[in-house]
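First the structure, in the form of structure tokens, and then the observations on it.
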Amino acid sequence: MSSQGSATGGWLKWEWVWVAGLAIVALLMRVILLGRAPPGVRFDELVNVKMADHIYAGEWPIYFQEAWGHEPLYHYFHAVGMSLLGKTVLGVRLTSILFGILGVLAAYLLFRRLFGWRVALIAAALLATSFWSLMYSRIGLRHISLPPWICLTAYLYWRGLETPTEKRARTILWLGLGGLCQGLLLYTYFAIRAVPLIFGAFTFYLLLVHPDKLRGRWWGLLLFFVLPVLMITPMVLYLRQHPELEQRLGQVGAEILSGLRQGNLIPLLKSILATLKMFSIEGDPEWLYNISGRPVFAPLTAILFYGSLLVALWRWRQPKRAFLLLWLGAGIAPTLFSWPPGSLGHSIAAQPAVYCLPALLLVDALDWARERVWLRRAAQALAAVTL
């Protein structure tokens, strides 16, 4: 079975057991010693508690002015979580824990659709146990709410693209639901504003390279792209009336954006170089919740990541690999134009795609080895000699 096998078919007999196991592992890794790692509740989390207090007081802001401006969606879920468990460590972090687990499950659902159950299982397992996901799942901040929404939006988008054209109503339904998810996604975190570029660029790619895949789907695609615009318009209009509220972009991107306005590319080039090192050499320098300088991958996983990236570039005409490339590029774009370089928070939109790439190459390599009879016989001979 190739890495693409059983991508859209029925689930295997034991697949629900694997997924349940993934969910349990993800849960345990996010709750064990929660009050000790990271130690205590930090200032940023307390600011989020203050936003929940606004909601408890009957306020329903479309944009929060605290902490240099916050999109609101996470904070409404956060308020619900604290209403259940109070202002305890678990209460403050419950919402992030649940979003972290949902991100693992949504990634499995999406990557199974795209590449089959084996890639999905490995990618979801990497995501469930990765420091990047664990770090944001164990603090009461909004970053971790992005991956599940992105994966669900992408899943619905692909369901719409792959539904037979004669089932037009179902195609429109899937893409319309994807548009709704994308609209909600835009209310989570400023780095998510790059996400519509993924779907816009990929749809344009299909128009140029695989136009047949868009045939009969234009009404659904119209919903997919127009619904988010309609949904985000109230917040956009509010921010136009209150430009002083949105200070976050100016705070994290001032040096690079100022340099570009003056024709100085040096800050941007330095940021690009530092960001490219984040996967294997030197990671996010922040230390409040992170292990400063820790790269995303260990050496072996980094090799799989870069190898898969090269394969995807080589096979760019394969739509699903092209989609991963565009997702990765758009996902890390915010950290190219902001400080600190290689920020795990600013590039979190790319997180699911990052962990799918090594899983994809690993399954490709296993398939390649299995198809080589001589290699299988050599392995059997070696096993016979050594045993």
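Here, A, B, ... name the chains of the structure tokens in the order displayed, residue numbers run from 1 inside each chain, and ligands are numbered from 1 in the same displayed order.
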
Residues within 12 Å of Glu59 (chain A), only C-alpha atoms, excluding chain neighbours under 5 positions, as JSON, numbers by chain: {"A": [50, 51, 52, 53, 54, 64, 72, 75, 76, 79]}

Within 12 Å of Leu46 (chain A), counting only C-alpha atoms, which residues qualify if same-chain residues fewer than 4 places away don't, as an NGL selection string? :A and (40-42 or 50-53 or 66-67 or 78 or 87-89 or 91-93 or 139-141)

Those of region 42-247 of chain A in DSSP helix (DSSP H, G or I), formatted as a PyMOL selection string: chain A and resi 43-56+66-68+73-85+89-115+117-129+131-137+142-162+168-185+190-209+211-214+218-241+243-245

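Among A:Leu94, A:Leu269, A:Leu126, A:Leu309, the residue with the shortest atom-to-atom distance to Pro341 (chain A), counting only C-alpha atoms, is A:Leu269.
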
Expressed in Å, the length from CA of Trp149 (chain A) to CA of Leu185 (chain A) is 5.9 Å

What's the 8 Å shell around Leu326 (chain A), counting only C-alpha atoms, without same-chain residues fewer than 6 positions away, as a CSV table (one decimal) with all heavy atoms, in the first residue's frame?
```
chain,number,residue,atom,x,y,z
A,198,ILE,N,-2.7,30.6,1.8
A,198,ILE,CA,-2.4,29.2,1.5
A,198,ILE,C,-3.5,28.7,0.5
A,198,ILE,O,-3.2,28.2,-0.6
A,198,ILE,CB,-2.5,28.3,2.8
A,198,ILE,CG1,-1.5,28.8,3.8
A,198,ILE,CG2,-2.3,26.8,2.4
A,198,ILE,CD1,-1.7,28.1,5.2
A,201,ALA,N,-3.5,30.8,-2.9
A,201,ALA,CA,-2.3,30.4,-3.8
A,201,ALA,C,-2.5,29.0,-4.3
A,201,ALA,O,-2.2,28.8,-5.5
A,201,ALA,CB,-1.0,30.6,-3.0
A,202,PHE,N,-3.0,28.1,-3.5
A,202,PHE,CA,-3.2,26.8,-4.0
A,202,PHE,C,-4.3,26.7,-5.0
A,202,PHE,O,-4.2,25.9,-6.0
A,202,PHE,CB,-3.5,25.8,-2.8
A,202,PHE,CG,-3.6,24.4,-3.2
A,202,PHE,CD1,-2.5,23.7,-3.7
A,202,PHE,CD2,-4.8,23.7,-3.2
A,202,PHE,CE1,-2.6,22.4,-4.1
A,202,PHE,CE2,-5.0,22.4,-3.6
A,202,PHE,CZ,-3.8,21.7,-4.0
```
